[in-house]
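Below: one structure, written as structure tokens.
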Amino acid sequence: MRNKNLIDRMMAWYRGNEYAVQLSLDIYAVAQIWDDLVDRDREVGRDEITETFRRLIYTMPTNPFYATHAHELAPLMHDMMLQWMVANQLESDQQPGDLEKAWMLRAGVYQVFVYIASLAVDSAWAAVVGVDIWRCYGETLEEFIHEQQHREGEQDA
């Protein structure tokens with residue numbers, strides 16, 4: 001998803017709460033770089049790595065929205081990280097049904113966005129806007145499985 005479109009959508013999801021938007025953009029950016037580093041889908045530059053650690057060490061903890069809700073967001077973000085780690089293991093093992101589970105688990109960041117909407121507005125709003133949030137998950141199951149099979153073929157070569 002293009003950054004401008006994502007920002008506009010997040011502004012709507014969080015009803016203009018700029019700190020919630022910035023936190024979500026930071027979480028999304030960190031997740032993308034971490035995935036690229038682990039999966040080695042692309043070369044990640046030194047500046048991108050430095051920016052990612054700046055977000056993790058300084059920008060996210062000092063974000064006023066995060067500071068207010070850290071006691072709720074930290075466990076949820078930890079769960080998102082654990083789901084992603086489990087997804088990676090399922091991709092490696094690839095027993096029947098594992099790729100489908102991995103695809104679902106990799107999308108944990110969207111659940112964090114729904115929860116941020118509940119904190120920025122309320123739970124009723126989050127349930128409504130959650131549909132749009134989840135529809136932003138752009139990778140289909142078929143695309144994910146195809147990518148995994150392509151990656152296996154490269155490793156076998």
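By order in the structure tokens, chains are A, B, ...; within a chain, residues start at 1; ligands start at 1, following the order shown.
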All helix (DSSP H, G or I) positions in range 4-57 of chain A, as an NGL selection string: :A and (4-13 or 18-39 or 46-57)
Distance query Arg9 in chain A at most 12 Å, only C-alpha atoms, self and fewer than 2 positions along chain excluded, as a list of chain:residue names: A:Met1, A:Arg2, A:Asn3, A:Lys4, A:Asn5, A:Leu6, A:Ile7, A:Met11, A:Ala12, A:Trp13, A:Tyr14, A:Arg15, A:Gly16, A:Asn17, A:Glu18, A:Val21, A:Ser24, A:Leu25, A:Phe113, A:Ala117, A:Val129, A:Gly130, A:Asp132, A:Ile133, A:Trp134, A:Arg135, A:Cys136
Neighbour list for Ala29 in chain A as number ranges by chain, cut-off 12 Å, only C-alpha atoms, skip fewer than 6 positions in-chain: A: 1, 3, 6, 22-23, 35-36, 48-49, 51-56, 60, 109
Export, as a PDB file, in the first residue's frame, the selected residues with C-alpha atoms.
```pdb
ATOM      1  CA  MET A   1       0.000   0.000   0.000  1.00  0.00           C
ATOM      2  CA  ASN A   3       2.336   5.552   2.082  1.00  0.00           C
ATOM      3  CA  LEU A   6      -2.018   4.442   4.189  1.00  0.00           C
ATOM      4  CA  GLN A  22       2.595   7.921  13.633  1.00  0.00           C
ATOM      5  CA  LEU A  23       2.834   4.942  15.978  1.00  0.00           C
ATOM      6  CA  ASP A  35      10.623  -9.249   7.552  1.00  0.00           C
ATOM      7  CA  ASP A  36      13.038  -8.198   4.797  1.00  0.00           C
ATOM      8  CA  GLU A  48      17.107   1.708   6.653  1.00  0.00           C
ATOM      9  CA  ILE A  49      18.478  -0.419   9.486  1.00  0.00           C
ATOM     10  CA  GLU A  51      16.148   4.283  10.919  1.00  0.00           C
ATOM     11  CA  THR A  52      14.431   1.100  12.108  1.00  0.00           C
ATOM     12  CA  PHE A  53      16.431   1.020  15.315  1.00  0.00           C
ATOM     13  CA  ARG A  54      15.816   4.753  15.836  1.00  0.00           C
ATOM     14  CA  ARG A  55      12.089   4.053  15.631  1.00  0.00           C
ATOM     15  CA  LEU A  56      12.359   1.155  18.084  1.00  0.00           C
ATOM     16  CA  MET A  60       8.013   4.650  19.418  1.00  0.00           C
ATOM     17  CA  VAL A 109       0.048  -6.038  12.608  1.00  0.00           C
TER      18      VAL A 109
END
```
Gly108 in chain A environment, 12 Å, only C-alpha atoms, sequence neighbours closer than 2 positions dropped, as JSON, numbers by chain: {"A": [27, 28, 31, 76, 77, 78, 79, 80, 81, 82, 83, 84, 85, 86, 87, 101, 102, 103, 104, 105, 106, 110, 111, 112, 113, 114, 115, 133, 134, 137]}
Give me a file of those residues, with C-alpha atoms, as a PDB file, in the first residue's frame.
```
ATOM      1  CA  ILE A  27       5.100  -0.326  13.703  1.00  0.00           C
ATOM      2  CA  TYR A  28       4.385  -1.039  10.038  1.00  0.00           C
ATOM      3  CA  ALA A  31       7.689  -4.968  10.668  1.00  0.00           C
ATOM      4  CA  LEU A  76      -0.229  -6.897  22.070  1.00  0.00           C
ATOM      5  CA  MET A  77       2.906  -5.984  20.137  1.00  0.00           C
ATOM      6  CA  HIS A  78       4.747  -8.817  21.875  1.00  0.00           C
ATOM      7  CA  ASP A  79       1.999 -11.189  20.742  1.00  0.00           C
ATOM      8  CA  MET A  80       2.310  -9.822  17.178  1.00  0.00           C
ATOM      9  CA  MET A  81       6.040 -10.572  17.298  1.00  0.00           C
ATOM     10  CA  LEU A  82       5.467 -14.105  18.613  1.00  0.00           C
ATOM     11  CA  GLN A  83       2.885 -14.795  15.901  1.00  0.00           C
ATOM     12  CA  TRP A  84       5.351 -13.654  13.258  1.00  0.00           C
ATOM     13  CA  MET A  85       8.080 -15.882  14.726  1.00  0.00           C
ATOM     14  CA  VAL A  86       5.707 -18.874  14.761  1.00  0.00           C
ATOM     15  CA  ALA A  87       4.743 -18.090  11.159  1.00  0.00           C
ATOM     16  CA  LYS A 101      -1.580 -20.715   9.204  1.00  0.00           C
ATOM     17  CA  ALA A 102       1.650 -18.789   8.561  1.00  0.00           C
ATOM     18  CA  TRP A 103      -0.179 -16.428   6.201  1.00  0.00           C
ATOM     19  CA  MET A 104      -2.734 -15.636   8.919  1.00  0.00           C
ATOM     20  CA  LEU A 105      -0.154 -15.210  11.653  1.00  0.00           C
ATOM     21  CA  ARG A 106       1.974 -12.817   9.583  1.00  0.00           C
ATOM     22  CA  TYR A 110      -3.493  -5.450  11.354  1.00  0.00           C
ATOM     23  CA  GLN A 111      -4.931  -6.644  14.657  1.00  0.00           C
ATOM     24  CA  VAL A 112      -2.670  -4.121  16.382  1.00  0.00           C
ATOM     25  CA  PHE A 113      -4.132  -1.422  14.125  1.00  0.00           C
ATOM     26  CA  VAL A 114      -7.677  -2.467  15.103  1.00  0.00           C
ATOM     27  CA  TYR A 115      -6.713  -2.271  18.757  1.00  0.00           C
ATOM     28  CA  ILE A 133      -8.223  -2.196   8.346  1.00  0.00           C
ATOM     29  CA  TRP A 134      -8.238  -5.914   7.564  1.00  0.00           C
ATOM     30  CA  TYR A 137      -3.983  -6.765   4.063  1.00  0.00           C
TER      31      TYR A 137
END
```
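Checking A:Glu100, A:Ala107, A:Leu90, A:Ala124 one by one against Gly138 in chain A, counting only C-alpha atoms, you find the shortest gap at A:Ala107.
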Interatomic distance (Å, one decimal) between CA of Ile116 in chain A and CA of Thr68 in chain A: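 For CA of Ile116 in chain A relative to CA of Thr68 in chain A, the distance reads 11.7 Å.
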Residue among A:Trp125, A:Asp39, A:Ala120, A:Pro75 lying closest to Glu147 in chain A, counting only C-alpha atoms: A:Asp39
